[in-house]
Amino acid sequence: MWGGRFKDGPDAIMEEINVSIDVDRHLYAQDIAASKAHAAMLAAQGIITASDAKNIAKGLDTILSEIGKGTFTFKRALEDIHMNVESRLSELIGPAAGRLHTARSRNDQVATDFRLFVRDTIDETDAALAAFQHALVERALEHADTVMPGFTHLQTAQPVTFGHHLLAYVEMAARDRGRLADARKRLNESPLGAAALAGTSFPLDRHATATALGFDRPMANSLDAVSDRDFVLETLSAAAIASVHLSRFAEEIVIWTSPLVGLVRLSDKFTSGSSIMPQKRNPDAAELVRAKTGRVIGSLSALLIVMKGLPLAYQKDMQEDKEGAMQAFAALSLAVRAMTGMVRDLVPDAARMKLAAGEGYATATDLADWLVRTLKMPFREAHHVTGRIVGIASKQGVALHELPLKEMQAVEPKITADVMKVLSVEASVQSRTSYGGTAPKNVRAQAKAWLKRLQKEQKLG
Ligand code: ARG
């Protein structure tokens with residue numbers, strides 16, 4: 001492509017370090033779409049003839065189908081997707097192919113292609129997260145009344161409902177989708193026509209190519225257009241946060257399915273065995289979701305580091321933006337789909353959950369609240385009285401609701417038998433009716449509202 005100035009070909013090592021076709025071949029559809037938009041605009045502006053534009057478009061369509069069918073030969077000597085496509089175009093249509101690159105550079109080309117690619121990725125990830133939310137909401141509705149232990153410090157804290165726990169992840173996924181939507185909004189401007197860095201002397205219509213490619217507008221500054229990768233960084237940041245959410249959930253599945261805990265069981269479909277220990281049921285999928293987070297966070301930090309020292313405008317360093325980002329997006333996509341599968345698959349052990357919910361004096365707060373509500377005791381004093389009662393129960397090795405009323409009255413004579421009705425785990429969760437609380441009726445209402453929202457969204461999409 002630059003034979004005018006060069007007489008020798010590249011050293012083998014030069015070719016090896018410079019080549020990007022193994023990665024940017026994944027941009028072929030976007031590259032061809034952008035080239036078609038560019039050629040049509042060049043013709044409309046009278047920069048190339050209509051017949052050249054027609055031949056270019058036809059040739060590009062042929063290349064698109066060749067790549068789609070797998071009959072296209074990618075050549076490493078041609079470095080990247082842009083030159084592979086252009087070289088094949090000239091084989092197909094002859095010299096007219098050489099007019100396609102008028103008023104364009106690979107710098108604005110690659111920035112355009114990758115914006116389109118990241119935009120598609122955002123849309124796919126959003127759809128996958130919506131399916132994840134849908135699976136969670138359905139299981140939450142099914143388990144609005146299933147009582148489980150809620151933890152802080154991984155110590156039994158207060159009883160909650162399993163549905164409530166699942167809905168927590170629906171909320172997180174909603175914010176993840178919001179972050180991706182934000183990134184998409186800012187990303188959706190067209191670099192095409194910025195050329196190498198300074199713009200061009202040809203009378204381009206950058207608004208036309210922007211519209212043709214579904215962008216909201218052309219980018220306003222040619223230097224910025226070719227040299228920022230903040231759209232990748234922003235999407236990777238959103239992806240990293242989403243991955244962390246999935247990883248926390250995966251970690252919970254690992255804990256819940258451990259025989260030590262036994263709150264949840266996964267079917268054979270999401271479990272693997274051990275080659276030596278016949279009894280084992282390992283939650284490999286959940287473990288790998290947890291691990292894939294490393295790639296996503298790693299790609300984000302790698303690209304931040306690549307970008308941090310680069311002066312304007314394009315630097316070849318930026319070629320390193322794609323491989324890590326593509327791997328990160330693929331890892332997130334797989335993680336979301338695996339978690340969706342596990343949410344549909346998992347079977348909570350309701351009896352074990354209920355038992356565990358009552359362990360460790362999880363309804364102690366309910367007793368303290370009763371003292372405050374019924375005896376008008378200040379909460380701090382109620383906390384102290386309850387603490388003494390828990391101490392007695394613990395010494396006798398019984399649960400709070402098993403402790404004789406007399407023992408409680410020895411600590412606080414005004415306690416009546418009425419207290420017994422707040423000490424069960426069911427009563428505890430049913431009483432948590434404050435907005436956002438774990439009460440089954442709250443969970444049912446929230447799950448139904450989410451279901452409606454997701455269904456409406458699906459209809460609009
Ligand atoms: N393969 C390059 C990349 O991904 C395309 C842009 C090359 N531009 C250049 N001036 N060498 O960044």
# chains A, B, ... in the order shown; residues from 1 in each chain; ligands from 1
call {"tool": "residues_around", "arguments": {"residues": "A:Ala356", "least_positions_apart": "3", "cutoff": "12 Å", "atoms": "only C-alpha atoms", "output": "PyMOL selection string"}}
result
chain A and resi 147-151+155-160+256+260-263+349-353+359-363+399+425
call {"tool": "residues_near_ligand", "arguments": {"ligand": "ligand 1", "cutoff": "9 Å", "atoms": "only C-alpha atoms and all ligand atoms", "output": "short mmCIF file (atom, residue, chain, number, x, y, z; two decimals) with all heavy atoms, in the first residue's frame"}}
result
data_model
loop_
_atom_site.label_atom_id
_atom_site.label_comp_id
_atom_site.auth_asym_id
_atom_site.auth_seq_id
_atom_site.Cartn_x
_atom_site.Cartn_y
_atom_site.Cartn_z
N ASN A 18 3.55 -6.31 13.92
CA ASN A 18 2.67 -5.29 13.33
C ASN A 18 1.28 -5.83 12.96
O ASN A 18 0.31 -5.09 12.91
CB ASN A 18 3.36 -4.74 12.07
CG ASN A 18 2.89 -3.35 11.74
OD1 ASN A 18 2.53 -2.58 12.63
ND2 ASN A 18 2.89 -3.02 10.46
N VAL A 19 1.23 -7.12 12.72
CA VAL A 19 0.01 -7.69 12.14
C VAL A 19 -1.15 -7.64 13.16
O VAL A 19 -0.95 -7.86 14.35
CB VAL A 19 0.28 -9.14 11.69
CG1 VAL A 19 0.47 -10.08 12.86
CG2 VAL A 19 -0.83 -9.65 10.78
N SER A 20 -2.35 -7.34 12.66
CA SER A 20 -3.51 -7.33 13.57
C SER A 20 -4.70 -8.08 12.99
O SER A 20 -5.77 -8.09 13.60
CB SER A 20 -3.91 -5.89 13.89
OG SER A 20 -4.32 -5.21 12.71
N ILE A 21 -4.49 -8.74 11.85
CA ILE A 21 -5.63 -9.36 11.16
C ILE A 21 -6.31 -10.46 12.00
O ILE A 21 -7.52 -10.65 11.92
CB ILE A 21 -5.21 -9.90 9.76
CG1 ILE A 21 -6.45 -10.35 8.96
CG2 ILE A 21 -4.20 -11.03 9.85
CD1 ILE A 21 -7.43 -9.25 8.64
N VAL A 23 -7.02 -10.43 14.96
CA VAL A 23 -7.99 -9.81 15.87
C VAL A 23 -9.02 -8.99 15.10
O VAL A 23 -10.23 -9.17 15.24
CB VAL A 23 -7.27 -8.90 16.89
CG1 VAL A 23 -8.27 -8.12 17.72
CG2 VAL A 23 -6.35 -9.73 17.78
N ASP A 24 -8.52 -8.10 14.20
CA ASP A 24 -9.49 -7.17 13.60
C ASP A 24 -10.31 -7.78 12.46
O ASP A 24 -11.22 -7.14 11.95
CB ASP A 24 -8.85 -5.82 13.24
CG ASP A 24 -7.69 -5.91 12.27
OD1 ASP A 24 -7.68 -6.82 11.43
OD2 ASP A 24 -6.78 -5.04 12.37
N GLU A 79 -1.54 -7.17 6.76
CA GLU A 79 -1.61 -6.53 8.08
C GLU A 79 -2.97 -6.55 8.75
O GLU A 79 -3.11 -7.13 9.82
CB GLU A 79 -1.13 -5.07 7.96
CG GLU A 79 -0.48 -4.54 9.21
CD GLU A 79 -0.03 -3.09 9.04
OE1 GLU A 79 0.76 -2.82 8.11
OE2 GLU A 79 -0.47 -2.23 9.82
N ASP A 80 -3.94 -5.85 8.20
CA ASP A 80 -5.19 -5.72 8.96
C ASP A 80 -6.42 -5.91 8.08
O ASP A 80 -6.31 -6.12 6.87
CB ASP A 80 -5.22 -4.38 9.72
CG ASP A 80 -5.09 -3.17 8.80
OD1 ASP A 80 -5.46 -3.27 7.60
OD2 ASP A 80 -4.62 -2.12 9.27
N ILE A 81 -7.57 -5.79 8.67
CA ILE A 81 -8.83 -6.03 7.95
C ILE A 81 -9.04 -4.99 6.84
O ILE A 81 -9.53 -5.31 5.76
CB ILE A 81 -10.04 -6.05 8.93
CG1 ILE A 81 -11.35 -6.43 8.21
CG2 ILE A 81 -10.22 -4.72 9.66
CD1 ILE A 81 -11.39 -7.82 7.65
N HIS A 82 -8.62 -3.75 7.11
CA HIS A 82 -8.86 -2.69 6.12
C HIS A 82 -8.13 -2.99 4.82
O HIS A 82 -8.68 -2.87 3.73
CB HIS A 82 -8.42 -1.33 6.68
CG HIS A 82 -8.70 -1.17 8.14
ND1 HIS A 82 -9.97 -1.19 8.64
CD2 HIS A 82 -7.85 -1.06 9.21
CE1 HIS A 82 -9.91 -1.08 9.97
NE2 HIS A 82 -8.63 -1.00 10.33
N SER A 105 -8.71 7.57 6.05
CA SER A 105 -7.46 6.98 6.52
C SER A 105 -7.85 5.74 7.31
O SER A 105 -8.99 5.59 7.74
CB SER A 105 -6.75 8.00 7.42
OG SER A 105 -5.97 7.34 8.40
N ARG A 106 -6.88 4.85 7.55
CA ARG A 106 -7.21 3.73 8.42
C ARG A 106 -7.47 4.20 9.84
O ARG A 106 -8.07 3.50 10.64
CB ARG A 106 -6.07 2.70 8.41
CG ARG A 106 -6.06 1.85 7.15
CD ARG A 106 -5.02 0.77 7.25
NE ARG A 106 -3.68 1.32 7.33
CZ ARG A 106 -2.63 0.70 7.87
NH1 ARG A 106 -2.77 -0.49 8.40
NH2 ARG A 106 -1.43 1.26 7.87
N ASN A 107 -7.01 5.43 10.14
CA ASN A 107 -7.22 5.93 11.50
C ASN A 107 -8.70 6.21 11.79
O ASN A 107 -9.21 5.80 12.83
CB ASN A 107 -6.38 7.18 11.74
CG ASN A 107 -4.89 6.90 11.62
OD1 ASN A 107 -4.49 5.73 11.57
ND2 ASN A 107 -4.08 7.94 11.56
N ASP A 108 -9.36 6.90 10.86
CA ASP A 108 -10.80 7.12 11.10
C ASP A 108 -11.59 5.85 10.81
O ASP A 108 -12.63 5.59 11.41
CB ASP A 108 -11.35 8.32 10.33
CG ASP A 108 -11.17 8.24 8.82
OD1 ASP A 108 -10.27 7.50 8.37
OD2 ASP A 108 -11.92 8.92 8.09
N GLN A 109 -11.02 5.01 9.90
CA GLN A 109 -11.69 3.76 9.57
C GLN A 109 -11.77 2.84 10.79
O GLN A 109 -12.84 2.33 11.12
CB GLN A 109 -10.87 3.07 8.46
CG GLN A 109 -11.69 2.48 7.37
CD GLN A 109 -10.80 1.72 6.38
OE1 GLN A 109 -9.64 2.08 6.15
NE2 GLN A 109 -11.36 0.68 5.79
N VAL A 110 -10.63 2.63 11.43
CA VAL A 110 -10.62 1.68 12.55
C VAL A 110 -11.43 2.23 13.73
O VAL A 110 -12.13 1.47 14.43
CB VAL A 110 -9.19 1.28 12.97
CG1 VAL A 110 -8.48 2.38 13.76
CG2 VAL A 110 -9.20 0.00 13.78
N ALA A 111 -11.38 3.53 13.92
CA ALA A 111 -12.16 4.12 15.02
C ALA A 111 -13.66 3.92 14.75
O ALA A 111 -14.44 3.62 15.66
CB ALA A 111 -11.83 5.60 15.17
N PHE A 114 -14.61 0.10 15.13
CA PHE A 114 -14.63 -0.41 16.51
C PHE A 114 -15.79 0.20 17.30
O PHE A 114 -16.38 -0.45 18.16
CB PHE A 114 -13.28 -0.18 17.20
CG PHE A 114 -13.04 -1.15 18.33
CD1 PHE A 114 -13.56 -2.44 18.31
CD2 PHE A 114 -12.28 -0.77 19.44
CE1 PHE A 114 -13.35 -3.34 19.36
CE2 PHE A 114 -12.05 -1.67 20.49
CZ PHE A 114 -12.60 -2.94 20.45
N ALA A 196 -6.84 11.13 8.45
CA ALA A 196 -5.70 10.70 9.27
C ALA A 196 -5.71 11.38 10.63
O ALA A 196 -5.49 10.75 11.66
CB ALA A 196 -4.39 10.97 8.55
N TYR A 314 -3.46 9.66 16.48
CA TYR A 314 -3.35 8.21 16.47
C TYR A 314 -1.92 7.75 16.78
O TYR A 314 -0.95 8.30 16.26
CB TYR A 314 -3.77 7.66 15.09
CG TYR A 314 -3.64 6.14 15.01
CD1 TYR A 314 -4.66 5.32 15.46
CD2 TYR A 314 -2.48 5.55 14.51
CE1 TYR A 314 -4.54 3.94 15.42
CE2 TYR A 314 -2.34 4.16 14.47
CZ TYR A 314 -3.37 3.36 14.94
OH TYR A 314 -3.24 2.00 14.90
N GLN A 315 -1.80 6.73 17.63
CA GLN A 315 -0.53 6.04 17.85
C GLN A 315 -0.80 4.55 17.66
O GLN A 315 -1.87 4.07 18.01
CB GLN A 315 0.00 6.28 19.28
CG GLN A 315 -0.10 7.72 19.77
CD GLN A 315 0.77 8.69 19.01
OE1 GLN A 315 1.81 8.32 18.47
NE2 GLN A 315 0.35 9.94 18.93
N LYS A 316 0.19 3.84 17.17
CA LYS A 316 -0.03 2.43 16.88
C LYS A 316 -0.36 1.62 18.14
O LYS A 316 -0.98 0.55 18.06
CB LYS A 316 1.19 1.83 16.17
CG LYS A 316 0.95 0.46 15.52
CD LYS A 316 -0.12 0.51 14.42
CE LYS A 316 -0.29 -0.82 13.72
NZ LYS A 316 0.29 -0.86 12.38
N ASP A 317 0.02 2.14 19.28
CA ASP A 317 -0.33 1.48 20.55
C ASP A 317 -1.80 1.11 20.59
O ASP A 317 -2.21 0.11 21.18
CB ASP A 317 -0.06 2.40 21.76
CG ASP A 317 1.32 3.04 21.75
OD1 ASP A 317 1.70 3.62 20.71
OD2 ASP A 317 2.00 2.97 22.79
N MET A 318 -2.60 1.98 19.97
CA MET A 318 -4.06 1.81 20.06
C MET A 318 -4.55 0.54 19.39
O MET A 318 -5.67 0.10 19.63
CB MET A 318 -4.77 3.00 19.43
CG MET A 318 -4.60 4.25 20.21
SD MET A 318 -5.43 5.55 19.33
CE MET A 318 -4.72 6.94 20.13
N GLN A 319 -3.71 -0.03 18.55
CA GLN A 319 -4.09 -1.31 17.93
C GLN A 319 -4.32 -2.38 19.00
O GLN A 319 -5.03 -3.34 18.78
CB GLN A 319 -2.98 -1.73 16.97
CG GLN A 319 -3.18 -3.09 16.32
CD GLN A 319 -2.28 -3.27 15.12
OE1 GLN A 319 -2.47 -2.63 14.11
NE2 GLN A 319 -1.27 -4.12 15.25
N GLU A 320 -3.70 -2.17 20.16
CA GLU A 320 -3.83 -3.12 21.27
C GLU A 320 -5.17 -2.98 22.01
O GLU A 320 -5.39 -3.63 23.03
CB GLU A 320 -2.68 -2.94 22.26
CG GLU A 320 -1.34 -3.40 21.73
CD GLU A 320 -1.21 -4.92 21.67
OE1 GLU A 320 -1.51 -5.58 22.67
OE2 GLU A 320 -0.81 -5.43 20.61
N ASP A 321 -6.04 -2.11 21.52
CA ASP A 321 -7.32 -1.92 22.22
C ASP A 321 -8.29 -3.06 22.01
O ASP A 321 -9.17 -3.30 22.83
CB ASP A 321 -7.99 -0.58 21.80
CG ASP A 321 -8.34 -0.54 20.31
OD1 ASP A 321 -7.93 -1.44 19.55
OD2 ASP A 321 -9.03 0.42 19.90
N LYS A 322 -8.12 -3.78 20.87
CA LYS A 322 -9.21 -4.67 20.46
C LYS A 322 -9.17 -6.06 21.09
O LYS A 322 -10.21 -6.58 21.51
CB LYS A 322 -9.21 -4.78 18.93
CG LYS A 322 -9.74 -3.50 18.28
CD LYS A 322 -9.69 -3.53 16.79
CE LYS A 322 -8.40 -3.04 16.17
NZ LYS A 322 -7.83 -1.79 16.69
#
call {"tool": "closest_residue", "arguments": {"among": "A:Asp205, A:Lys36, A:Ser222, A:Leu64", "to": "A:Ala97", "atoms": "only C-alpha atoms"}}
result
A:Lys36
call {"tool": "residues_around", "arguments": {"residues": "A:Ser428", "least_positions_apart": "4", "cutoff": "7 Å", "atoms": "only C-alpha atoms", "output": "list in words"}}
result
Pro159, Thr363, Asp366, Val422, Leu423, Ser424 and Arg432 of chain A
call {"tool": "residues_around", "arguments": {"residues": "A:Met420", "least_positions_apart": "5", "cutoff": "12 Å", "atoms": "only C-alpha atoms", "output": "PyMOL selection string"}}
result
chain A and resi 363-364+366-367+370-371+399-405+408+415+425+427-428
call {"tool": "select_by_dssp", "arguments": {"residues": "stretch 135-277 of chain A", "states": "strand (DSSP E)", "output": "CSV table (one decimal) with N, CA and C atoms, in the first residue's frame"}}
result
chain,number,residue,atom,x,y,z
A,147,VAL,N,-38.1,-18.8,53.2
A,147,VAL,CA,-37.3,-18.1,54.1
A,147,VAL,C,-35.9,-18.6,54.1
A,148,MET,N,-34.9,-17.8,54.1
A,148,MET,CA,-33.5,-18.2,54.2
A,148,MET,C,-32.8,-17.3,55.1
A,149,PRO,N,-31.6,-17.7,55.6
A,149,PRO,CA,-30.8,-16.8,56.4
A,149,PRO,C,-30.2,-15.7,55.6
A,150,GLY,N,-30.3,-14.5,56.2
A,150,GLY,CA,-29.6,-13.3,55.6
A,150,GLY,C,-28.3,-13.2,56.4
A,151,PHE,N,-27.3,-12.8,55.7
A,151,PHE,CA,-26.0,-12.7,56.4
A,151,PHE,C,-25.4,-11.3,56.4
A,152,THR,N,-24.7,-11.0,57.4
A,152,THR,CA,-23.7,-9.9,57.4
A,152,THR,C,-22.4,-10.6,58.0
A,155,GLN,N,-22.1,-14.1,58.8
A,155,GLN,CA,-22.7,-14.7,60.0
A,155,GLN,C,-24.2,-14.5,59.9
A,156,THR,N,-25.0,-15.5,60.3
A,156,THR,CA,-26.4,-15.4,60.2
A,156,THR,C,-26.9,-14.1,60.9
A,157,ALA,N,-27.6,-13.3,60.2
A,157,ALA,CA,-28.0,-12.0,60.7
A,157,ALA,C,-29.5,-11.9,61.0
A,158,GLN,N,-30.3,-11.9,59.9
A,158,GLN,CA,-31.8,-11.9,60.1
A,158,GLN,C,-32.3,-12.7,59.0
A,159,PRO,N,-33.5,-13.3,59.2
A,159,PRO,CA,-34.1,-14.1,58.1
A,159,PRO,C,-34.5,-13.1,57.0
A,160,VAL,N,-34.4,-13.6,55.8
A,160,VAL,CA,-34.9,-12.9,54.6
A,160,VAL,C,-35.6,-13.9,53.7
A,161,THR,N,-36.2,-13.4,52.6
A,161,THR,CA,-36.8,-14.4,51.7
A,161,THR,C,-35.8,-14.6,50.5
A,189,GLU,N,-21.2,8.5,18.1
A,189,GLU,CA,-20.9,9.6,17.1
A,189,GLU,C,-19.9,9.0,16.1
A,190,SER,N,-19.9,9.6,14.9
A,190,SER,CA,-19.1,9.0,13.9
A,190,SER,C,-17.7,9.7,13.7
A,217,ARG,N,-24.5,11.7,15.1
A,217,ARG,CA,-23.9,12.8,14.5
A,217,ARG,C,-22.4,12.5,14.2
A,218,PRO,N,-21.7,13.3,13.4
A,218,PRO,CA,-20.3,13.1,13.3
A,218,PRO,C,-19.6,13.7,14.5
A,264,VAL,N,-28.7,-24.8,48.6
A,264,VAL,CA,-29.1,-24.9,47.2
A,264,VAL,C,-28.4,-26.1,46.5
A,265,ARG,N,-29.1,-26.6,45.5
A,265,ARG,CA,-28.6,-27.7,44.7
A,265,ARG,C,-28.6,-27.3,43.3
call {"tool": "residues_around", "arguments": {"residues": "A:Gln455", "least_positions_apart": "3", "cutoff": "12 Å", "atoms": "only C-alpha atoms", "output": "VMD selection string"}}
result
chain A and resid 130 to 131 133 to 134 137 448 to 452 458 to 461
call {"tool": "closest_residue", "arguments": {"among": "A:Leu89, A:Ala286, A:Ala39, A:Ala33", "to": "A:Thr257", "atoms": "only C-alpha atoms"}}
result
A:Ala286
call {"tool": "closest_residue", "arguments": {"among": "A:Glu142, A:Asp224, A:Glu412, A:Asp22", "to": "A:Arg388", "atoms": "only C-alpha atoms"}}
result
A:Glu412
call {"tool": "residues_around", "arguments": {"residues": "A:Ala29", "least_positions_apart": "6", "cutoff": "9 Å", "atoms": "only C-alpha atoms", "output": "list in words"}}
result
Leu64, Ile67, Gly68, Asp113 and Phe117 of chain A
call {"tool": "write_last_selection", "arguments": {"atoms": "all heavy atoms", "output": "mmCIF file, in the first residue's frame"}}
result
data_model
loop_
_atom_site.group_PDB
_atom_site.id
_atom_site.type_symbol
_atom_site.label_atom_id
_atom_site.label_comp_id
_atom_site.auth_asym_id
_atom_site.auth_seq_id
_atom_site.Cartn_x
_atom_site.Cartn_y
_atom_site.Cartn_z
ATOM 1 N N LEU A 64 -18.190 -9.447 1.611
ATOM 2 C CA LEU A 64 -18.979 -9.762 2.812
ATOM 3 C C LEU A 64 -19.469 -11.207 2.763
ATOM 4 O O LEU A 64 -19.366 -11.945 3.753
ATOM 5 C CB LEU A 64 -20.174 -8.806 2.909
ATOM 6 C CG LEU A 64 -21.039 -8.909 4.165
ATOM 7 C CD1 LEU A 64 -20.261 -8.477 5.407
ATOM 8 C CD2 LEU A 64 -22.302 -8.029 4.037
ATOM 9 N N ILE A 67 -16.492 -13.695 3.139
ATOM 10 C CA ILE A 67 -16.037 -13.851 4.536
ATOM 11 C C ILE A 67 -17.077 -14.640 5.327
ATOM 12 O O ILE A 67 -16.743 -15.541 6.097
ATOM 13 C CB ILE A 67 -15.738 -12.482 5.194
ATOM 14 C CG1 ILE A 67 -14.613 -11.754 4.435
ATOM 15 C CG2 ILE A 67 -15.334 -12.665 6.673
ATOM 16 C CD1 ILE A 67 -14.263 -10.365 4.953
ATOM 17 N N GLY A 68 -18.344 -14.319 5.096
ATOM 18 C CA GLY A 68 -19.426 -15.029 5.787
ATOM 19 C C GLY A 68 -19.382 -16.529 5.513
ATOM 20 O O GLY A 68 -19.612 -17.341 6.406
ATOM 21 N N ASP A 113 -15.037 1.521 12.741
ATOM 22 C CA ASP A 113 -15.362 0.089 12.830
ATOM 23 C C ASP A 113 -15.529 -0.353 14.283
ATOM 24 O O ASP A 113 -16.466 -1.081 14.626
ATOM 25 C CB ASP A 113 -14.233 -0.760 12.225
ATOM 26 C CG ASP A 113 -14.066 -0.540 10.727
ATOM 27 O OD1 ASP A 113 -14.843 0.242 10.147
ATOM 28 O OD2 ASP A 113 -13.144 -1.156 10.147
ATOM 29 N N PHE A 117 -18.625 -1.889 16.361
ATOM 30 C CA PHE A 117 -18.507 -3.206 16.999
ATOM 31 C C PHE A 117 -18.911 -3.133 18.479
ATOM 32 O O PHE A 117 -19.676 -3.957 18.976
ATOM 33 C CB PHE A 117 -17.064 -3.708 16.864
ATOM 34 C CG PHE A 117 -16.828 -5.063 17.487
ATOM 35 C CD1 PHE A 117 -16.949 -6.220 16.731
ATOM 36 C CD2 PHE A 117 -16.476 -5.186 18.829
ATOM 37 C CE1 PHE A 117 -16.734 -7.476 17.303
ATOM 38 C CE2 PHE A 117 -16.263 -6.433 19.408
ATOM 39 C CZ PHE A 117 -16.393 -7.578 18.634
#
call {"tool": "closest_residue", "arguments": {"among": "A:His153, A:Lys456, A:Lys441, A:His143", "to": "A:Pro348", "atoms": "only C-alpha atoms"}}
result
A:His143
call {"tool": "closest_residue", "arguments": {"among": "A:Ile47, A:Leu60, A:Ala53, A:Leu375", "to": "A:Gln30", "atoms": "only C-alpha atoms"}}
result
A:Leu60
call {"tool": "closest_residue", "arguments": {"among": "A:Arg229, A:Thr438, A:Ile63, A:Arg76", "to": "A:Ala12", "atoms": "only C-alpha atoms"}}
result
A:Arg76
call {"tool": "atom_distance", "arguments": {"atom1": "atom CA of A:Gly163", "atom2": "atom CA of A:Ala144"}}
result
4.5 Å
call {"tool": "decode", "arguments": {"residues": "stretch 11-28 of chain A", "atoms": "N, CA and C atoms", "output": "mmCIF file, in the first residue's frame"}}
result
data_model
loop_
_atom_site.group_PDB
_atom_site.id
_atom_site.type_symbol
_atom_site.label_atom_id
_atom_site.label_comp_id
_atom_site.auth_asym_id
_atom_site.auth_seq_id
_atom_site.Cartn_x
_atom_site.Cartn_y
_atom_site.Cartn_z
ATOM 1 N N ASP A 11 10.766 -6.831 7.702
ATOM 2 C CA ASP A 11 11.422 -7.944 8.381
ATOM 3 C C ASP A 11 10.335 -8.874 8.935
ATOM 4 N N ALA A 12 10.671 -10.154 9.061
ATOM 5 C CA ALA A 12 9.680 -11.118 9.565
ATOM 6 C C ALA A 12 9.177 -10.714 10.951
ATOM 7 N N ILE A 13 10.106 -10.216 11.775
ATOM 8 C CA ILE A 13 9.700 -9.795 13.127
ATOM 9 C C ILE A 13 8.793 -8.567 13.061
ATOM 10 N N MET A 14 9.115 -7.686 12.108
ATOM 11 C CA MET A 14 8.267 -6.503 11.925
ATOM 12 C C MET A 14 6.850 -6.924 11.570
ATOM 13 N N GLU A 15 6.757 -7.873 10.673
ATOM 14 C CA GLU A 15 5.427 -8.337 10.263
ATOM 15 C C GLU A 15 4.688 -8.958 11.466
ATOM 16 N N GLU A 16 5.456 -9.735 12.222
ATOM 17 C CA GLU A 16 4.888 -10.435 13.376
ATOM 18 C C GLU A 16 4.315 -9.476 14.434
ATOM 19 N N ILE A 17 5.079 -8.393 14.687
ATOM 20 C CA ILE A 17 4.605 -7.489 15.746
ATOM 21 C C ILE A 17 3.527 -6.538 15.229
ATOM 22 N N ASN A 18 3.549 -6.313 13.918
ATOM 23 C CA ASN A 18 2.668 -5.294 13.335
ATOM 24 C C ASN A 18 1.282 -5.831 12.960
ATOM 25 N N VAL A 19 1.232 -7.119 12.719
ATOM 26 C CA VAL A 19 0.007 -7.686 12.143
ATOM 27 C C VAL A 19 -1.147 -7.645 13.159
ATOM 28 N N SER A 20 -2.349 -7.340 12.657
ATOM 29 C CA SER A 20 -3.507 -7.329 13.565
ATOM 30 C C SER A 20 -4.704 -8.081 12.990
ATOM 31 N N ILE A 21 -4.492 -8.736 11.846
ATOM 32 C CA ILE A 21 -5.630 -9.357 11.162
ATOM 33 C C ILE A 21 -6.308 -10.456 12.001
ATOM 34 N N ASP A 22 -5.509 -11.159 12.839
ATOM 35 C CA ASP A 22 -6.119 -12.228 13.646
ATOM 36 C C ASP A 22 -7.187 -11.680 14.585
ATOM 37 N N VAL A 23 -7.025 -10.435 14.962
ATOM 38 C CA VAL A 23 -7.993 -9.810 15.874
ATOM 39 C C VAL A 23 -9.018 -8.989 15.098
ATOM 40 N N ASP A 24 -8.523 -8.105 14.196
ATOM 41 C CA ASP A 24 -9.488 -7.169 13.600
ATOM 42 C C ASP A 24 -10.310 -7.781 12.458
ATOM 43 N N ARG A 25 -10.030 -9.052 12.114
ATOM 44 C CA ARG A 25 -10.931 -9.719 11.164
ATOM 45 C C ARG A 25 -12.353 -9.799 11.716
ATOM 46 N N HIS A 26 -12.468 -9.756 13.051
ATOM 47 C CA HIS A 26 -13.813 -9.768 13.647
ATOM 48 C C HIS A 26 -14.587 -8.477 13.375
ATOM 49 N N LEU A 27 -13.889 -7.479 12.808
ATOM 50 C CA LEU A 27 -14.560 -6.218 12.480
ATOM 51 C C LEU A 27 -15.009 -6.179 11.023
ATOM 52 N N TYR A 28 -14.966 -7.325 10.338
ATOM 53 C CA TYR A 28 -15.177 -7.262 8.890
ATOM 54 C C TYR A 28 -16.531 -6.685 8.487
#
